[in-house]
file coords_35.cif (mmCIF, C-alpha atoms)
data_upload
#
loop_
_atom_site.label_atom_id
_atom_site.label_comp_id
_atom_site.auth_asym_id
_atom_site.auth_seq_id
_atom_site.Cartn_x
_atom_site.Cartn_y
_atom_site.Cartn_z
CA MET A 1 -14.60 -29.13 -1.42
CA ASP A 2 -12.68 -28.83 -4.71
CA LEU A 3 -15.12 -26.16 -5.74
CA LEU A 4 -13.88 -23.91 -2.95
CA ALA A 5 -10.19 -24.84 -3.24
CA TRP A 6 -9.39 -21.67 -5.19
CA MET A 7 -10.59 -19.58 -2.26
CA GLY A 8 -7.81 -20.97 -0.07
CA TRP A 9 -9.83 -21.20 3.14
CA THR A 10 -8.04 -21.48 6.47
CA THR A 11 -9.50 -22.10 9.92
CA PRO A 12 -8.56 -18.64 11.33
CA THR A 13 -10.04 -16.76 8.35
CA ALA A 14 -13.17 -18.96 8.51
CA ILE A 15 -13.51 -18.13 12.23
CA PHE A 16 -13.01 -14.45 11.38
CA PHE A 17 -15.84 -14.39 8.83
CA ILE A 18 -18.13 -16.59 10.91
CA SER A 19 -17.72 -14.26 13.89
CA ILE A 20 -18.59 -11.24 11.72
CA ALA A 21 -21.63 -13.08 10.35
CA VAL A 22 -22.69 -14.10 13.89
CA THR A 23 -22.28 -10.50 15.07
CA LEU A 24 -24.50 -9.29 12.21
CA VAL A 25 -27.16 -11.88 13.07
CA ILE A 26 -27.00 -10.90 16.76
CA MET A 27 -27.35 -7.23 15.79
CA ILE A 28 -30.40 -8.04 13.64
CA ILE A 29 -32.05 -10.03 16.44
CA TRP A 30 -31.17 -7.28 18.94
CA GLY A 31 -32.67 -4.69 16.60
CA ILE A 32 -35.92 -6.68 16.31
CA LYS A 33 -36.19 -7.44 20.06
CA SER A 34 -35.50 -3.91 21.23
CA PRO A 35 -35.67 -1.37 18.43
CA GLN A 36 -33.44 1.62 19.10
CA THR A 37 -33.71 5.13 17.80
CA PRO A 38 -30.53 6.80 16.53
CA ARG A 39 -28.73 8.84 19.17
CA VAL A 40 -26.11 11.57 19.19
CA GLY A 41 -22.89 10.61 20.95
CA ILE A 42 -19.45 12.12 21.39
CA LEU A 43 -18.89 12.28 17.65
CA ARG A 44 -21.85 14.72 17.59
CA PHE A 45 -23.78 12.98 14.85
CA GLU A 46 -26.60 10.48 14.90
CA THR A 47 -25.60 6.83 14.97
CA THR A 48 -27.66 3.66 14.89
CA PRO A 49 -26.34 0.41 16.44
CA GLY A 50 -25.40 -0.66 12.90
CA ASP A 51 -23.30 2.49 12.47
CA ARG A 52 -21.61 1.78 15.79
CA LEU A 53 -20.81 -1.76 14.68
CA PHE A 54 -19.30 -0.41 11.47
CA ILE A 55 -17.22 2.15 13.38
CA SER A 56 -16.11 -0.60 15.78
CA LEU A 57 -15.09 -2.99 13.00
CA LEU A 58 -13.32 -0.36 10.91
CA GLY A 59 -11.56 1.10 13.94
CA SER A 60 -10.56 -2.37 15.13
CA ALA A 61 -9.00 -3.10 11.75
CA PHE A 62 -6.84 0.01 12.10
CA ILE A 63 -5.98 -0.79 15.73
CA CYS A 64 -4.78 -4.23 14.61
CA LEU A 65 -2.77 -2.74 11.75
CA GLY A 66 -1.24 -0.18 14.10
CA TRP A 67 -0.40 -2.89 16.61
CA LEU A 68 1.22 -4.93 13.87
CA ALA A 69 3.21 -1.94 12.63
CA PHE A 70 4.54 -0.94 16.05
CA PHE A 71 4.72 -4.18 18.06
CA GLY A 72 4.55 -6.92 15.41
CA ALA A 73 2.74 -10.28 15.61
CA PRO A 74 1.06 -11.77 17.62
CA ILE A 75 -1.68 -9.23 18.05
CA TRP A 76 -3.65 -10.73 20.94
CA GLU A 77 -3.18 -7.61 23.08
CA GLY A 78 -4.28 -5.56 20.07
CA LEU A 79 -7.44 -7.65 19.82
CA ILE A 80 -8.14 -7.03 23.52
CA ALA A 81 -7.71 -3.29 22.83
CA CYS A 82 -10.22 -3.70 19.97
CA VAL A 83 -12.80 -5.22 22.34
CA PHE A 84 -12.41 -2.26 24.72
CA TYR A 85 -12.59 0.12 21.78
CA ALA A 86 -15.80 -1.52 20.48
CA GLY A 87 -17.29 -1.35 24.00
CA ALA A 88 -16.44 2.35 24.19
CA VAL A 89 -17.95 2.97 20.74
CA PHE A 90 -21.21 1.24 21.71
CA LYS A 91 -21.37 3.15 25.01
CA TRP A 92 -20.39 6.67 23.98
CA VAL A 93 -20.56 7.17 20.21
CA MET B 1 -50.80 6.65 12.39
CA LYS B 2 -49.48 3.25 13.28
CA LYS B 3 -47.68 1.43 10.50
CA THR B 4 -47.98 -2.31 10.17
CA PRO B 5 -44.52 -3.84 9.87
CA ASN B 6 -43.98 -5.51 6.53
CA GLN B 7 -40.64 -7.10 5.86
CA LYS B 8 -41.47 -8.37 2.37
CA ALA B 9 -39.41 -5.61 0.79
CA TRP B 10 -36.29 -7.50 1.82
CA PHE B 11 -37.04 -10.02 -0.94
CA MET B 12 -36.71 -7.20 -3.43
CA VAL B 13 -33.16 -6.62 -2.20
CA LEU B 14 -32.25 -10.30 -2.47
CA PRO B 15 -31.14 -10.28 -6.14
CA VAL B 16 -28.80 -7.34 -5.46
CA LEU B 17 -27.47 -9.07 -2.38
CA LEU B 18 -26.72 -12.21 -4.40
CA LEU B 19 -25.06 -10.16 -7.12
CA VAL B 20 -22.92 -8.25 -4.62
CA ALA B 21 -22.03 -11.50 -2.85
CA PHE B 22 -20.93 -13.02 -6.13
CA SER B 23 -19.03 -10.01 -7.44
CA ALA B 24 -17.66 -8.42 -4.25
CA ILE B 25 -18.06 -10.36 -1.00
CA ILE B 26 -16.75 -13.74 -2.18
CA PRO B 27 -13.73 -12.20 -3.98
CA LEU B 28 -13.03 -10.08 -0.89
CA MET B 29 -13.15 -13.19 1.32
CA THR B 30 -10.72 -14.85 -1.07
CA VAL B 31 -8.35 -11.89 -0.80
CA VAL B 32 -8.49 -12.16 3.00
CA ASN B 33 -7.68 -15.87 2.74
CA TYR B 34 -4.77 -15.21 0.39
CA SER B 35 -3.39 -12.47 2.64
CA VAL B 36 -2.46 -14.94 5.37
CA GLN B 37 -0.93 -17.55 3.08
CA ASP B 38 1.76 -18.05 0.53
CA THR B 39 0.96 -19.73 -2.77
CA PHE B 40 2.86 -20.87 -5.82
CA GLY B 41 -0.26 -21.62 -7.84
CA ASN B 42 -2.12 -24.92 -8.26
CA ASN B 43 -4.27 -24.03 -5.24
CA GLU B 44 -1.47 -24.99 -2.87
CA PHE B 45 -1.29 -22.69 0.12
CA PHE B 46 1.11 -22.32 3.03
CA TRP B 47 0.04 -20.57 6.21
CA VAL B 48 2.19 -17.53 7.05
CA GLY B 49 -0.04 -15.70 9.54
CA LEU B 50 0.26 -11.93 9.56
CA GLU B 51 3.72 -11.89 8.00
CA TRP B 52 2.59 -10.22 4.75
CA PHE B 53 0.81 -7.47 6.61
CA GLU B 54 3.95 -6.73 8.64
CA GLU B 55 6.03 -6.75 5.49
CA ILE B 56 3.67 -4.35 3.70
CA LEU B 57 3.37 -2.02 6.70
CA HIS B 58 7.16 -1.70 6.87
CA SER B 59 7.78 -1.64 3.13
CA GLU B 60 9.48 1.52 1.95
CA ARG B 61 8.30 0.86 -1.59
CA ILE B 62 4.65 0.94 -0.44
CA HIS B 63 5.24 4.02 1.73
CA ASP B 64 6.66 5.82 -1.30
CA ALA B 65 3.75 4.74 -3.50
CA LEU B 66 1.29 5.90 -0.81
CA GLY B 67 3.07 9.27 -0.60
CA ARG B 68 2.89 9.68 -4.38
CA GLN B 69 -0.75 8.64 -4.38
CA ALA B 70 -1.68 11.10 -1.62
CA LEU B 71 0.18 13.91 -3.39
CA PHE B 72 -1.51 13.12 -6.69
CA THR B 73 -4.98 13.06 -5.13
CA LEU B 74 -4.30 16.30 -3.26
CA ILE B 75 -3.08 18.07 -6.40
CA ILE B 76 -5.92 16.99 -8.64
CA LEU B 77 -8.57 17.77 -6.00
CA SER B 78 -7.11 21.23 -5.42
CA ILE B 79 -7.19 21.92 -9.17
CA GLU B 80 -10.38 20.17 -10.28
CA ILE B 81 -12.76 21.37 -7.57
CA PRO B 82 -12.07 25.15 -7.84
CA LEU B 83 -11.75 24.92 -11.63
CA GLY B 84 -15.00 22.96 -11.88
CA ILE B 85 -16.83 25.55 -9.77
CA PHE B 86 -15.31 28.37 -11.82
CA VAL B 87 -16.43 26.85 -15.13
CA ALA B 88 -19.91 26.05 -13.75
CA LEU B 89 -20.30 29.66 -12.58
CA HIS B 90 -19.59 30.88 -16.09
CA MET B 91 -21.91 28.48 -17.90
CA PRO B 92 -25.16 29.94 -19.25
CA LYS B 93 -27.91 29.63 -16.64
CA LYS B 94 -30.91 30.01 -18.95
CA ASN B 95 -32.15 26.93 -20.76
CA GLY B 96 -31.52 27.13 -24.46
CA LEU B 97 -29.36 25.99 -27.34
CA TRP B 98 -26.23 27.63 -25.94
CA SER B 99 -26.51 25.98 -22.51
CA SER B 100 -27.24 22.57 -24.10
CA LEU B 101 -24.22 22.95 -26.35
CA CYS B 102 -22.03 23.88 -23.37
CA LEU B 103 -23.26 20.85 -21.42
CA VAL B 104 -22.52 18.49 -24.31
CA LEU B 105 -19.05 19.97 -24.79
CA VAL B 106 -18.30 19.75 -21.09
CA ALA B 107 -19.57 16.17 -20.85
CA LEU B 108 -17.53 14.92 -23.82
CA PRO B 109 -14.33 13.95 -21.94
CA LEU B 110 -16.42 11.89 -19.50
CA LEU B 111 -17.62 9.68 -22.33
CA ILE B 112 -14.12 8.60 -23.33
CA PRO B 113 -12.89 5.33 -21.81
CA TRP B 114 -9.88 5.48 -19.47
CA ASN B 115 -7.47 3.60 -21.72
CA VAL B 116 -8.41 5.76 -24.71
CA VAL B 117 -7.76 8.90 -22.65
CA GLY B 118 -4.38 7.42 -21.73
CA THR B 119 -3.58 6.65 -25.37
CA ILE B 120 -4.69 10.11 -26.54
CA TRP B 121 -2.37 11.80 -24.04
CA GLN B 122 0.43 9.33 -24.60
CA ILE B 123 0.50 10.30 -28.27
CA PHE B 124 -0.34 13.97 -27.62
CA GLY B 125 2.67 14.30 -25.34
CA ARG B 126 5.23 12.55 -27.56
CA ILE B 127 7.97 14.86 -28.75
CA ASP B 128 8.31 13.20 -32.16
CA ILE B 129 4.68 13.01 -33.32
CA GLY B 130 2.52 14.49 -30.53
CA LEU B 131 1.11 17.96 -30.93
CA LEU B 132 1.78 18.99 -27.34
CA GLY B 133 5.19 17.37 -26.97
CA TYR B 134 6.40 18.55 -30.38
CA THR B 135 5.22 22.13 -29.78
CA LEU B 136 6.76 22.34 -26.31
CA ASP B 137 10.00 20.87 -27.61
CA LYS B 138 10.16 23.35 -30.49
CA MET B 139 9.42 26.20 -28.08
CA GLY B 140 12.55 25.22 -26.22
CA PHE B 141 11.02 23.54 -23.19
CA ASP B 142 12.77 20.46 -21.91
CA TYR B 143 9.67 18.29 -22.01
CA ASN B 144 9.92 14.52 -22.22
CA TYR B 145 7.53 12.54 -20.08
CA THR B 146 9.36 9.28 -20.63
CA GLN B 147 12.56 10.59 -19.05
CA ASP B 148 11.68 13.48 -16.80
CA SER B 149 9.66 12.87 -13.63
CA PHE B 150 8.27 16.41 -13.54
CA ALA B 151 7.07 16.18 -17.14
CA ALA B 152 5.49 12.79 -16.42
CA TRP B 153 3.65 14.14 -13.37
CA ALA B 154 2.55 17.27 -15.22
CA THR B 155 1.21 15.19 -18.11
CA ILE B 156 -0.76 12.86 -15.86
CA ILE B 157 -2.18 15.71 -13.78
CA ILE B 158 -3.22 17.73 -16.84
CA MET B 159 -4.72 14.58 -18.34
CA ASP B 160 -6.75 13.87 -15.22
CA VAL B 161 -7.88 17.50 -15.00
CA TRP B 162 -8.91 17.33 -18.66
CA HIS B 163 -10.78 14.07 -18.12
CA TRP B 164 -12.53 14.68 -14.83
CA THR B 165 -13.05 18.40 -14.22
CA SER B 166 -16.21 17.99 -16.30
CA LEU B 167 -17.74 15.87 -13.57
CA VAL B 168 -17.22 18.64 -11.02
CA VAL B 169 -18.59 21.17 -13.53
CA LEU B 170 -21.74 19.15 -14.16
CA LEU B 171 -22.38 18.56 -10.45
CA SER B 172 -21.73 22.22 -9.57
CA TYR B 173 -23.91 23.35 -12.46
CA ALA B 174 -26.76 21.15 -11.20
CA GLY B 175 -26.29 22.67 -7.74
CA LEU B 176 -26.33 26.21 -9.15
CA LYS B 177 -29.42 25.58 -11.26
CA SER B 178 -31.34 24.44 -8.19
CA ILE B 179 -30.94 27.82 -6.43
CA PRO B 180 -34.28 29.69 -6.62
CA ASP B 181 -34.20 33.11 -8.27
CA ALA B 182 -35.54 34.71 -5.09
CA TYR B 183 -32.11 34.36 -3.46
CA TYR B 184 -30.45 36.36 -6.24
CA GLN B 185 -33.22 38.96 -6.12
CA ALA B 186 -32.75 39.35 -2.38
CA ALA B 187 -29.01 39.72 -2.92
CA LYS B 188 -29.64 42.39 -5.54
CA ILE B 189 -31.88 44.36 -3.16
CA ASP B 190 -29.12 44.15 -0.53
CA GLN B 191 -26.60 45.24 -3.17
CA ALA B 192 -24.47 42.23 -2.42
CA SER B 193 -21.16 41.99 -4.27
CA ARG B 194 -20.43 39.12 -6.68
CA TRP B 195 -18.15 37.58 -4.08
CA SER B 196 -20.83 37.79 -1.36
CA ILE B 197 -23.36 36.11 -3.65
CA PHE B 198 -20.88 33.33 -4.26
CA ARG B 199 -19.81 33.04 -0.62
CA TYR B 200 -23.21 33.25 1.08
CA ILE B 201 -25.66 31.94 -1.52
CA GLU B 202 -24.02 29.80 -4.18
CA LEU B 203 -21.36 28.03 -2.17
CA PRO B 204 -23.66 26.95 0.71
CA LYS B 205 -26.26 25.77 -1.80
CA MET B 206 -23.62 23.78 -3.69
CA LYS B 207 -22.22 22.19 -0.53
CA GLY B 208 -24.07 18.90 -0.99
CA VAL B 209 -23.09 18.35 -4.61
CA LEU B 210 -19.54 19.52 -3.97
CA LEU B 211 -19.14 16.94 -1.22
CA ILE B 212 -20.30 14.27 -3.68
CA ALA B 213 -17.83 15.66 -6.23
CA VAL B 214 -14.96 15.56 -3.74
CA LEU B 215 -15.91 12.05 -2.64
CA LEU B 216 -16.14 10.74 -6.21
CA ARG B 217 -12.93 12.43 -7.31
CA PHE B 218 -11.12 11.30 -4.19
CA MET B 219 -12.11 7.65 -4.60
CA ASP B 220 -11.42 7.63 -8.30
CA SER B 221 -8.07 9.41 -8.13
CA PHE B 222 -6.94 7.32 -5.18
CA MET B 223 -7.56 4.19 -7.23
CA ILE B 224 -6.27 5.57 -10.55
CA TYR B 225 -4.64 2.89 -12.66
CA THR B 226 -5.35 2.82 -16.38
CA GLU B 227 -4.36 6.33 -17.48
CA PRO B 228 -0.90 6.52 -15.83
CA PHE B 229 -0.31 2.89 -16.78
CA VAL B 230 -0.95 3.66 -20.45
CA VAL B 231 0.92 6.99 -20.48
CA THR B 232 4.00 6.33 -18.37
CA GLY B 233 3.72 2.72 -17.19
CA GLY B 234 4.63 4.00 -13.71
CA GLY B 235 7.87 5.59 -14.88
CA PRO B 236 10.30 7.14 -15.36
CA GLY B 237 11.77 4.87 -12.71
CA ASN B 238 9.02 4.71 -10.14
CA ALA B 239 8.06 8.39 -10.42
CA THR B 240 4.41 7.77 -11.32
CA THR B 241 3.97 4.35 -9.72
CA PHE B 242 0.78 4.94 -7.74
CA LEU B 243 -0.70 2.44 -5.33
CA SER B 244 -2.80 0.49 -7.80
CA ILE B 245 0.04 0.29 -10.34
CA ASP B 246 2.32 -1.01 -7.61
CA LEU B 247 -0.35 -3.45 -6.50
CA VAL B 248 -0.78 -4.88 -9.99
CA LYS B 249 3.00 -5.12 -10.41
CA MET B 250 3.15 -7.09 -7.18
CA ALA B 251 0.16 -9.35 -7.87
CA ILE B 252 0.49 -10.04 -11.57
CA GLY B 253 4.05 -9.01 -12.44
CA GLN B 254 5.76 -10.75 -9.56
CA PHE B 255 2.90 -13.18 -8.79
CA ASP B 256 3.29 -12.40 -5.06
CA LEU B 257 -0.35 -13.06 -4.35
CA GLY B 258 -0.01 -13.14 -0.54
CA PRO B 259 1.69 -9.75 -0.10
CA ALA B 260 -0.51 -8.28 -2.83
CA ALA B 261 -3.62 -9.48 -0.98
CA ALA B 262 -2.40 -7.93 2.28
CA PHE B 263 -1.55 -4.74 0.39
CA SER B 264 -4.97 -4.55 -1.25
CA LEU B 265 -6.73 -5.07 2.08
CA ILE B 266 -4.84 -2.18 3.68
CA TYR B 267 -5.52 -0.10 0.56
CA PHE B 268 -9.21 -1.01 0.78
CA LEU B 269 -9.39 -0.08 4.47
CA VAL B 270 -7.83 3.34 3.85
CA ILE B 271 -10.32 4.08 1.04
CA LEU B 272 -13.19 2.75 3.15
CA LEU B 273 -12.23 4.99 6.08
CA ILE B 274 -11.90 8.17 4.05
CA SER B 275 -15.05 7.47 2.06
CA TRP B 276 -16.96 6.80 5.28
CA VAL B 277 -15.78 10.13 6.71
CA PHE B 278 -16.91 11.95 3.56
CA TYR B 279 -20.21 10.07 3.50
CA THR B 280 -20.91 10.85 7.15
CA ILE B 281 -20.16 14.54 6.63
CA MET B 282 -22.41 14.52 3.55
CA VAL B 283 -25.39 12.85 5.24
CA HIS B 284 -24.89 14.94 8.36
CA SER B 285 -24.81 18.23 6.46
CA ASP B 286 -27.90 17.19 4.47
CA LYS B 287 -29.79 16.59 7.70
CA GLU B 288 -28.65 19.93 9.09
CA ALA B 289 -29.72 21.69 5.91
CA GLY B 290 -33.07 20.02 5.57
#

call {"tool": "encode", "arguments": {"input": "coords_35.cif", "output": "structure tokens"}}
result
Amino acid sequence: MDLLAWMGWTTPTAIFFISIAVTLVIMIIWGIKSPQTPRVGILRFETTPGDRLFISLLGSAFICLGWLAFFGAPIWEGLIACVFYAGAVFKWV
Amino acid sequence: MKKTPNQKAWFMVLPVLLLVAFSAIIPLMTVVNYSVQDTFGNNEFFWVGLEWFEEILHSERIHDALGRQALFTLIILSIEIPLGIFVALHMPKKNGLWSSLCLVLVALPLLIPWNVVGTIWQIFGRIDIGLLGYTLDKMGFDYNYTQDSFAAWATIIIMDVWHWTSLVVLLSYAGLKSIPDAYYQAAKIDQASRWSIFRYIELPKMKGVLLIAVLLRFMDSFMIYTEPFVVTGGGPGNATTFLSIDLVKMAIGQFDLGPAAAFSLIYFLVILLISWVFYTIMVHSDKEAG
């Protein structure tokens, strides 16, 4: 693993990237199994499931940063808020 | 007509994907890894969790740099966009030698590399040998960009306007050229004023290209590094230390790779968010229009 030593991998960051990769794979399989047409949600513009995933991930990053700024580490509650936020995005956006 | 699904085109994208992975995704992953650790070199890392992020989020130095950055971007956008439109409106519309000459002249600053632009203005603004600095000094203005914050800001803003307004001009000009003559003829029949033609024909038709211009100028000015680094080096004091200058100081000057990684991730997220908003507006307005 000397080849990857410069990247400074840690278990939490590996879990983080693996979960994003898994989510992408799930989204691809979901898209193939039941293709969805873009729909217009509360943001009043068309979104595909991929767009909603992007909005969820980007929004979650800011929720975590906000949590960290106001309440400090750990951010477990912030992560729970992110899950609810992502659910809301997939349902209504 | 029913299309047969063919996924072979994905193989065409594969080389780009590999290239992006090599040049962007892997480095980005590395930055994420660094942001949760402390390192003193030699590939030795110490886990610190989210400490760097907390430190950056509460750092007054970063807040100040962000404020300066936002102000800079706001100022140059509010100058370059209207000025670019104004120049484009006054460029010759008919194809010919004159319009080609204008286009070449306008495009010239865009061909000059960032560090050369910085060097040109660094010398141009010097009060001992620079044409601008010497002239202003002799005219009695108290201009010295190495000591006075206002002069430093003015120099950098004028330099950026000089360098990048051309981009807005070229985009606006392309937008203007694509307006069919029939619109102008209709406006003439209605005896529309010059302002009405601009407000109801030219501006709506330029909307798409102007959004691209704003997006490009926003991203570029929000990440500006080379020119202010060459001209002022972030000074006097910290007066022109924008986010990227501060980031480089932190990462390379102080070798604080962990905090710098956390800083760059937050920086990246802010740019990603604003660019996404612009992009969505752009695509959305295109769909509405067409």

call {"tool": "interface_residues", "arguments": {"input": "coords_35.cif", "of": "chain A", "to": "chain B", "cutoff": "7 Å", "atoms": "all atoms listed in the file", "output": "VMD selection string"}}
result
chain A and resid 5 to 10 13 45 68 to 69 72 to 73

call {"tool": "resolve_selection", "arguments": {"input": "coords_35.cif", "expression": "the PyMOL selection byres ((chain A and resi 22-38) around 12)", "output": "number ranges by chain"}}
result
A: 14-21, 39-41, 44-54, 56-57, 93; B: 5, 7

call {"tool": "atom_distance", "arguments": {"input": "coords_35.cif", "atom1": "atom CA of Leu257 of chain B", "atom2": "atom CA of Trp153 of chain B"}}
result
28.9 Å

call {"tool": "resolve_selection", "arguments": {"input": "coords_35.cif", "expression": "the PyMOL selection byres ((chain B and resi 154) around 12)", "output": "NGL selection string"}}
result
:B and (72 or 75-76 or 121 or 125 or 143-146 or 148-153 or 155-162 or 228 or 231-232 or 239-240)

call {"tool": "atom_distance", "arguments": {"input": "coords_35.cif", "atom1": "atom CA of Cys82 of chain A", "atom2": "atom CA of Met282 of chain B"}}
result
27.4 Å

call {"tool": "atom_distance", "arguments": {"input": "coords_35.cif", "atom1": "atom CA of Ala88 of chain A", "atom2": "atom CA of Gly66 of chain A"}}
result
18.4 Å
